[in-house]
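entry14.csv (CSV, C-alpha atoms and all ligand atoms) appears below.
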```csv
chain,number,residue,atom,x,y,z
N,1,MET,CA,2.3,-27.5,-90.1
N,2,ASN,CA,-0.2,-28.7,-87.5
N,3,LEU,CA,-0.8,-32.3,-86.5
N,4,GLU,CA,-4.0,-32.6,-88.4
N,5,MET,CA,-2.3,-31.5,-91.6
N,6,ILE,CA,0.5,-34.0,-91.2
N,7,TYR,CA,-2.0,-36.8,-90.7
N,8,THR,CA,-3.9,-35.8,-93.7
N,9,GLU,CA,-0.8,-35.6,-95.9
N,10,LEU,CA,0.4,-39.0,-94.7
N,11,ILE,CA,-2.9,-40.7,-95.3
N,12,MET,CA,-3.1,-39.1,-98.8
N,13,GLU,CA,0.4,-40.3,-99.5
N,14,HIS,CA,-0.4,-43.8,-98.4
N,15,SER,CA,-3.7,-44.0,-100.3
N,16,LYS,CA,-1.8,-43.2,-103.5
N,17,ASN,CA,0.0,-46.5,-103.1
N,18,PRO,CA,-2.4,-49.2,-102.0
N,19,ASP,CA,-0.5,-51.7,-104.1
N,20,ASN,CA,2.4,-51.7,-101.6
N,21,LYS,CA,0.2,-53.5,-99.1
N,22,ARG,CA,0.0,-57.1,-100.4
N,23,HIS,CA,1.8,-60.4,-100.3
N,24,LEU,CA,4.5,-60.9,-102.9
N,25,GLU,CA,4.1,-63.9,-105.1
N,26,GLU,CA,7.9,-64.4,-105.1
N,27,LYS,CA,9.9,-63.4,-102.1
N,28,SER,CA,13.4,-64.0,-101.0
N,29,HIS,CA,13.3,-62.3,-97.7
N,30,HIS,CA,10.9,-61.2,-95.0
N,31,GLU,CA,11.1,-59.5,-91.6
N,32,HIS,CA,8.6,-58.8,-88.9
N,33,GLY,CA,8.4,-55.4,-87.2
N,34,HIS,CA,6.3,-54.6,-84.1
N,35,ASN,CA,5.8,-51.4,-82.2
N,36,PRO,CA,4.3,-52.3,-78.9
N,37,SER,CA,3.8,-48.6,-77.8
N,38,CYS,CA,1.2,-48.1,-80.6
N,39,GLY,CA,0.3,-51.7,-81.7
N,40,ASP,CA,1.8,-51.3,-85.2
N,41,ASP,CA,2.6,-54.7,-86.7
N,42,ILE,CA,4.1,-55.2,-90.1
N,43,GLU,CA,5.7,-57.9,-92.2
N,44,LEU,CA,8.0,-56.7,-94.9
N,45,GLU,CA,8.4,-58.9,-97.9
N,46,LEU,CA,11.2,-58.5,-100.4
N,47,ASN,CA,12.3,-60.2,-103.6
N,48,ILE,CA,16.0,-59.6,-103.8
N,49,GLN,CA,17.9,-61.0,-106.8
N,50,GLN,CA,21.6,-60.3,-107.3
N,51,ASP,CA,21.5,-57.6,-104.7
N,52,ILE,CA,18.7,-55.7,-106.4
N,53,ILE,CA,15.4,-55.2,-104.7
N,54,LYS,CA,13.2,-56.4,-107.5
N,55,ASP,CA,10.0,-56.0,-105.6
N,56,ALA,CA,8.9,-55.1,-102.1
N,57,SER,CA,5.6,-55.0,-100.2
N,58,PHE,CA,4.1,-55.3,-96.7
N,59,VAL,CA,1.2,-56.7,-94.9
N,60,GLY,CA,0.0,-55.9,-91.4
N,61,SER,CA,-1.9,-53.2,-89.6
N,62,GLY,CA,-1.2,-50.1,-87.6
N,63,CYS,CA,-1.8,-46.4,-87.3
N,64,ALA,CA,-1.8,-44.0,-90.3
N,65,ILE,CA,1.7,-42.9,-89.7
N,66,SER,CA,3.2,-46.4,-89.6
N,67,MET,CA,1.3,-47.5,-92.7
N,68,ALA,CA,2.2,-44.4,-94.7
N,69,SER,CA,5.8,-44.5,-93.6
N,70,THR,CA,6.1,-48.2,-94.6
N,71,SER,CA,4.5,-47.5,-98.0
N,72,MET,CA,6.8,-44.5,-98.7
N,73,MET,CA,9.8,-46.6,-97.8
N,74,ILE,CA,8.8,-49.4,-100.2
N,75,ASP,CA,8.4,-46.8,-103.0
N,76,LEU,CA,11.9,-45.6,-102.3
N,77,ILE,CA,13.7,-48.9,-102.2
N,78,LYS,CA,12.0,-50.7,-105.1
N,79,GLY,CA,14.5,-51.3,-107.9
N,80,GLU,CA,17.5,-50.1,-105.8
N,81,THR,CA,20.5,-52.2,-104.7
N,82,VAL,CA,20.5,-53.4,-101.2
N,83,GLU,CA,23.4,-51.0,-100.5
N,84,ILE,CA,21.5,-47.9,-101.7
N,85,ALA,CA,18.3,-49.0,-99.8
N,86,HIS,CA,20.4,-49.3,-96.7
N,87,GLU,CA,21.8,-45.8,-97.2
N,88,LYS,CA,18.3,-44.5,-97.5
N,89,VAL,CA,17.3,-46.2,-94.3
N,90,LYS,CA,20.3,-44.7,-92.5
N,91,ASP,CA,19.5,-41.3,-94.0
N,92,PHE,CA,15.9,-41.5,-92.9
N,93,LEU,CA,16.8,-42.4,-89.3
N,94,ALA,CA,19.4,-39.6,-89.3
N,95,LEU,CA,16.6,-37.2,-90.4
N,96,ILE,CA,14.3,-38.2,-87.7
N,97,LYS,CA,17.1,-37.8,-85.1
N,98,SER,CA,17.8,-34.3,-86.5
N,99,GLU,CA,21.3,-35.3,-87.5
N,100,LYS,CA,20.5,-34.3,-91.1
N,101,THR,CA,17.9,-31.9,-92.6
N,102,GLU,CA,15.1,-32.2,-95.0
N,103,ASP,CA,17.1,-30.1,-97.5
N,104,ASP,CA,20.1,-32.5,-97.2
N,105,LEU,CA,18.0,-35.5,-98.0
N,106,TYR,CA,15.2,-34.4,-100.3
N,107,ASP,CA,16.9,-35.8,-103.3
N,108,GLN,CA,17.3,-39.2,-101.6
N,109,LEU,CA,14.1,-39.4,-99.7
N,110,GLY,CA,11.5,-37.2,-101.5
N,111,ASP,CA,8.2,-37.0,-99.8
N,112,ALA,CA,9.4,-39.2,-96.9
N,113,THR,CA,11.2,-36.1,-95.7
N,114,LEU,CA,7.7,-34.9,-94.7
N,115,LEU,CA,7.8,-37.5,-91.9
N,116,SER,CA,10.6,-35.4,-90.2
N,117,ASN,CA,7.7,-33.4,-88.7
N,118,ILE,CA,7.2,-36.4,-86.4
N,119,ARG,CA,10.1,-35.2,-84.3
N,120,HIS,CA,7.7,-32.8,-82.7
N,121,MET,CA,5.5,-35.7,-81.6
N,122,PRO,CA,7.9,-38.0,-79.7
N,123,ALA,CA,5.2,-40.6,-79.0
N,124,ARG,CA,4.8,-41.2,-82.7
N,125,VAL,CA,8.4,-41.4,-83.7
N,126,LYS,CA,8.4,-45.2,-83.2
N,127,CYS,CA,5.5,-45.4,-85.6
N,128,ALA,CA,7.4,-43.5,-88.3
N,129,VAL,CA,10.6,-45.5,-88.0
N,130,LEU,CA,9.1,-49.0,-87.6
N,131,ALA,CA,9.5,-50.1,-91.2
N,132,TRP,CA,12.9,-48.5,-91.6
N,133,HIS,CA,14.2,-50.3,-88.5
N,134,THR,CA,12.7,-53.5,-89.7
N,135,LEU,CA,14.5,-53.2,-93.0
N,136,ASP,CA,17.7,-52.2,-91.3
N,137,GLU,CA,17.5,-55.4,-89.2
N,138,LEU,CA,16.9,-57.5,-92.2
N,139,ILE,CA,19.8,-56.1,-94.2
N,140,LYS,CA,22.2,-56.3,-91.2
N,141,LYS,CA,21.2,-59.9,-90.7
N,142,GLU,CA,21.3,-61.1,-94.3
N,143,PHE,CA,23.8,-59.0,-96.1
N,201,ZN,ZN,1.6,-46.2,-84.7
```
Would you write the structure of this file as structure tokens?
Amino acid sequence: MNLEMIYTELIMEHSKNPDNKRHLEEKSHHEHGHNPSCGDDIELELNIQQDIIKDASFVGSGCAISMASTSMMIDLIKGETVEIAHEKVKDFLALIKSEKTEDDLYDQLGDATLLSNIRHMPARVKCAVLAWHTLDELIKKEF
């Protein structure tokens, strides 16, 4: 898969979920994430009740990869327990680091496994992992 195709796929994926980019009316947690090497800047918003992520969204701006990756992550964690969401975060980071494969993780991560192609573009890895690191920070701090 070439770079242009990856971008196209990512932008398409993101454009399918424009409702992930908004403020939550009710939120229990939020966390800021910034990637200075590209300028990606996001604020994750979560509504967590009894350890279940009832709703999640983000606001901010950045490149297509960071925006699409954030949107994909939100789709994956909505309705899950904090524990399962944290497992998915760890799996995604392991995938990007090549510690696990797309086949290992397709059931858990679905289309987000597509982002593993980012490994071949080291400069963009920080864009792809921004949201996941941000959620990881939040969970480690609050749970
Ligand atoms: Zn970026």
| Mind listing the residues within 9 Å of ligand ZN 201 (chain N), all atoms listed in the file counted, as a list in words? | Asn35, Pro36, Ser37, Cys38, Gly39, Asp40, Asp41, Gly62, Cys63, Ala64, Ile65, Ser66, Met67, Ala123, Arg124, Val125, Lys126, Cys127, Ala128 and Leu130 of chain N
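Interatomic distance, CA of Gln50 (chain N) to CA of Ile77 (chain N): 14.8 Å.
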| request: Could you give me, as a VMD selection string, the residues within 12 Å of Asp19 (chain N), counting only C-alpha atoms and dropping anything in the same chain fewer than 2 positions from it? | output: chain N and resid 14 to 17 21 to 24 55 to 59 71 to 72 74 to 75
| field | Given only C-alpha atoms as the counted atoms, nearest of N:Ile11, N:Val89, N:Ile118, N:Leu46 to Leu105 (chain N) | value |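 Checking each candidate against Leu105 (chain N), we get N:Val89 as the closest.
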| Nearest to Lys97 (chain N) by atom-to-atom distance, counting only C-alpha atoms, from N:Ala112, N:Val129, N:Leu10, N:Leu135 |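 For Lys97 (chain N), the nearest of the candidates is N:Val129.
Nearest to Glu13 (chain N) of all the residues N:Asp111, N:Asp136, N:Glu102, N:Glu45 is N:Asp111, counting all atoms listed in the file.
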| Residue among N:Gln49, N:Thr8, N:Ser69, N:Ser116 lying closest to Asn20 (chain N), counting all atoms listed in the file |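 Comparing N:Gln49, N:Thr8, N:Ser69, N:Ser116 against Asn20 (chain N), the winner is N:Ser69.
Of note, CA of Ile96 (chain N) and CA of His120 (chain N) are spaced 9.9 Å apart.
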| task | May I ask which of the residues N:Leu3, N:Leu44, N:Leu76, N:Leu93 is the closest one to Asp107 (chain N), counting only C-alpha atoms? | result |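 Closest to Asp107 (chain N) of all the choices is N:Leu76.
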| remark: What separates CA of Arg119 (chain N) and CA of Ala131 (chain N) is a distance of 16.4 Å
Could you add whatever atoms are missing so that region 90-115 of chain N carries N, CA, C and O atoms, then write the result as a PDB file, in the coordinates of the input?
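Output contents, as saved in part-v6.pdb:
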```pdb
ATOM      1  N   LYS N  90      19.418 -45.416 -93.434  1.00  0.00           N
ATOM      2  CA  LYS N  90      20.300 -44.700 -92.500  1.00  0.00           C
ATOM      3  C   LYS N  90      20.005 -43.176 -92.568  1.00  0.00           C
ATOM      4  O   LYS N  90      19.979 -42.486 -91.541  1.00  0.00           O
ATOM      5  N   ASP N  91      19.796 -42.685 -93.795  1.00  0.00           N
ATOM      6  CA  ASP N  91      19.500 -41.300 -94.000  1.00  0.00           C
ATOM      7  C   ASP N  91      18.170 -40.906 -93.281  1.00  0.00           C
ATOM      8  O   ASP N  91      18.060 -39.876 -92.621  1.00  0.00           O
ATOM      9  N   PHE N  92      17.174 -41.767 -93.462  1.00  0.00           N
ATOM     10  CA  PHE N  92      15.900 -41.500 -92.900  1.00  0.00           C
ATOM     11  C   PHE N  92      15.964 -41.438 -91.337  1.00  0.00           C
ATOM     12  O   PHE N  92      15.423 -40.539 -90.688  1.00  0.00           O
ATOM     13  N   LEU N  93      16.680 -42.401 -90.778  1.00  0.00           N
ATOM     14  CA  LEU N  93      16.800 -42.400 -89.300  1.00  0.00           C
ATOM     15  C   LEU N  93      17.602 -41.214 -88.827  1.00  0.00           C
ATOM     16  O   LEU N  93      17.280 -40.649 -87.777  1.00  0.00           O
ATOM     17  N   ALA N  94      18.583 -40.775 -89.606  1.00  0.00           N
ATOM     18  CA  ALA N  94      19.400 -39.600 -89.300  1.00  0.00           C
ATOM     19  C   ALA N  94      18.468 -38.327 -89.321  1.00  0.00           C
ATOM     20  O   ALA N  94      18.581 -37.413 -88.504  1.00  0.00           O
ATOM     21  N   LEU N  95      17.565 -38.311 -90.295  1.00  0.00           N
ATOM     22  CA  LEU N  95      16.600 -37.200 -90.400  1.00  0.00           C
ATOM     23  C   LEU N  95      15.708 -37.099 -89.223  1.00  0.00           C
ATOM     24  O   LEU N  95      15.498 -36.015 -88.657  1.00  0.00           O
ATOM     25  N   ILE N  96      15.175 -38.236 -88.819  1.00  0.00           N
ATOM     26  CA  ILE N  96      14.300 -38.200 -87.700  1.00  0.00           C
ATOM     27  C   ILE N  96      14.990 -37.826 -86.393  1.00  0.00           C
ATOM     28  O   ILE N  96      14.420 -37.176 -85.527  1.00  0.00           O
ATOM     29  N   LYS N  97      16.271 -38.203 -86.302  1.00  0.00           N
ATOM     30  CA  LYS N  97      17.100 -37.800 -85.100  1.00  0.00           C
ATOM     31  C   LYS N  97      17.637 -36.414 -85.234  1.00  0.00           C
ATOM     32  O   LYS N  97      18.462 -36.018 -84.408  1.00  0.00           O
ATOM     33  N   SER N  98      17.265 -35.690 -86.297  1.00  0.00           N
ATOM     34  CA  SER N  98      17.800 -34.300 -86.500  1.00  0.00           C
ATOM     35  C   SER N  98      19.255 -34.262 -86.791  1.00  0.00           C
ATOM     36  O   SER N  98      19.871 -33.211 -86.624  1.00  0.00           O
ATOM     37  N   GLU N  99      19.847 -35.379 -87.198  1.00  0.00           N
ATOM     38  CA  GLU N  99      21.300 -35.300 -87.500  1.00  0.00           C
ATOM     39  C   GLU N  99      21.489 -34.820 -88.955  1.00  0.00           C
ATOM     40  O   GLU N  99      22.583 -34.403 -89.309  1.00  0.00           O
ATOM     41  N   LYS N 100      20.436 -34.900 -89.757  1.00  0.00           N
ATOM     42  CA  LYS N 100      20.500 -34.300 -91.100  1.00  0.00           C
ATOM     43  C   LYS N 100      19.155 -33.582 -91.316  1.00  0.00           C
ATOM     44  O   LYS N 100      18.181 -33.811 -90.603  1.00  0.00           O
ATOM     45  N   THR N 101      19.140 -32.699 -92.338  1.00  0.00           N
ATOM     46  CA  THR N 101      17.900 -31.900 -92.600  1.00  0.00           C
ATOM     47  C   THR N 101      17.165 -32.362 -93.781  1.00  0.00           C
ATOM     48  O   THR N 101      17.679 -33.111 -94.608  1.00  0.00           O
ATOM     49  N   GLU N 102      15.937 -31.887 -93.878  1.00  0.00           N
ATOM     50  CA  GLU N 102      15.100 -32.200 -95.000  1.00  0.00           C
ATOM     51  C   GLU N 102      15.805 -31.766 -96.330  1.00  0.00           C
ATOM     52  O   GLU N 102      15.750 -32.463 -97.337  1.00  0.00           O
ATOM     53  N   ASP N 103      16.452 -30.606 -96.296  1.00  0.00           N
ATOM     54  CA  ASP N 103      17.100 -30.100 -97.500  1.00  0.00           C
ATOM     55  C   ASP N 103      18.275 -31.032 -97.910  1.00  0.00           C
ATOM     56  O   ASP N 103      18.488 -31.283 -99.084  1.00  0.00           O
ATOM     57  N   ASP N 104      19.007 -31.542 -96.906  1.00  0.00           N
ATOM     58  CA  ASP N 104      20.100 -32.500 -97.200  1.00  0.00           C
ATOM     59  C   ASP N 104      19.605 -33.693 -97.948  1.00  0.00           C
ATOM     60  O   ASP N 104      20.313 -34.275 -98.765  1.00  0.00           O
ATOM     61  N   LEU N 105      18.399 -34.124 -97.596  1.00  0.00           N
ATOM     62  CA  LEU N 105      18.000 -35.500 -98.000  1.00  0.00           C
ATOM     63  C   LEU N 105      16.806 -35.509 -98.964  1.00  0.00           C
ATOM     64  O   LEU N 105      16.371 -36.590 -99.339  1.00  0.00           O
ATOM     65  N   TYR N 106      16.339 -34.340 -99.412  1.00  0.00           N
ATOM     66  CA  TYR N 106      15.200 -34.400-100.300  1.00  0.00           C
ATOM     67  C   TYR N 106      15.410 -35.206-101.543  1.00  0.00           C
ATOM     68  O   TYR N 106      14.551 -35.980-101.982  1.00  0.00           O
ATOM     69  N   ASP N 107      16.605 -35.082-102.121  1.00  0.00           N
ATOM     70  CA  ASP N 107      16.900 -35.800-103.300  1.00  0.00           C
ATOM     71  C   ASP N 107      16.852 -37.344-103.111  1.00  0.00           C
ATOM     72  O   ASP N 107      16.428 -38.097-103.977  1.00  0.00           O
ATOM     73  N   GLN N 108      17.307 -37.766-101.932  1.00  0.00           N
ATOM     74  CA  GLN N 108      17.300 -39.200-101.600  1.00  0.00           C
ATOM     75  C   GLN N 108      15.980 -39.725-101.177  1.00  0.00           C
ATOM     76  O   GLN N 108      15.618 -40.855-101.466  1.00  0.00           O
ATOM     77  N   LEU N 109      15.253 -38.914-100.439  1.00  0.00           N
ATOM     78  CA  LEU N 109      14.100 -39.400 -99.700  1.00  0.00           C
ATOM     79  C   LEU N 109      12.740 -38.847-100.221  1.00  0.00           C
ATOM     80  O   LEU N 109      11.683 -39.370 -99.878  1.00  0.00           O
ATOM     81  N   GLY N 110      12.776 -37.781-101.008  1.00  0.00           N
ATOM     82  CA  GLY N 110      11.500 -37.200-101.500  1.00  0.00           C
ATOM     83  C   GLY N 110      10.515 -36.916-100.467  1.00  0.00           C
ATOM     84  O   GLY N 110      10.842 -36.336 -99.425  1.00  0.00           O
ATOM     85  N   ASP N 111       9.281 -37.336-100.730  1.00  0.00           N
ATOM     86  CA  ASP N 111       8.200 -37.000 -99.800  1.00  0.00           C
ATOM     87  C   ASP N 111       8.360 -37.587 -98.415  1.00  0.00           C
ATOM     88  O   ASP N 111       7.713 -37.117 -97.476  1.00  0.00           O
ATOM     89  N   ALA N 112       9.187 -38.597 -98.283  1.00  0.00           N
ATOM     90  CA  ALA N 112       9.400 -39.200 -96.900  1.00  0.00           C
ATOM     91  C   ALA N 112      10.003 -38.150 -95.997  1.00  0.00           C
ATOM     92  O   ALA N 112       9.895 -38.291 -94.775  1.00  0.00           O
ATOM     93  N   THR N 113      10.634 -37.102 -96.548  1.00  0.00           N
ATOM     94  CA  THR N 113      11.200 -36.100 -95.700  1.00  0.00           C
ATOM     95  C   THR N 113      10.069 -35.374 -94.872  1.00  0.00           C
ATOM     96  O   THR N 113      10.319 -34.825 -93.815  1.00  0.00           O
ATOM     97  N   LEU N 114       8.839 -35.439 -95.401  1.00  0.00           N
ATOM     98  CA  LEU N 114       7.700 -34.900 -94.700  1.00  0.00           C
ATOM     99  C   LEU N 114       7.553 -35.490 -93.289  1.00  0.00           C
ATOM    100  O   LEU N 114       7.090 -34.841 -92.345  1.00  0.00           O
ATOM    101  N   LEU N 115       7.944 -36.749 -93.194  1.00  0.00           N
ATOM    102  CA  LEU N 115       7.800 -37.500 -91.900  1.00  0.00           C
ATOM    103  C   LEU N 115       8.733 -36.885 -90.840  1.00  0.00           C
ATOM    104  O   LEU N 115       8.587 -37.224 -89.666  1.00  0.00           O
TER     105      LEU N 115
END
```
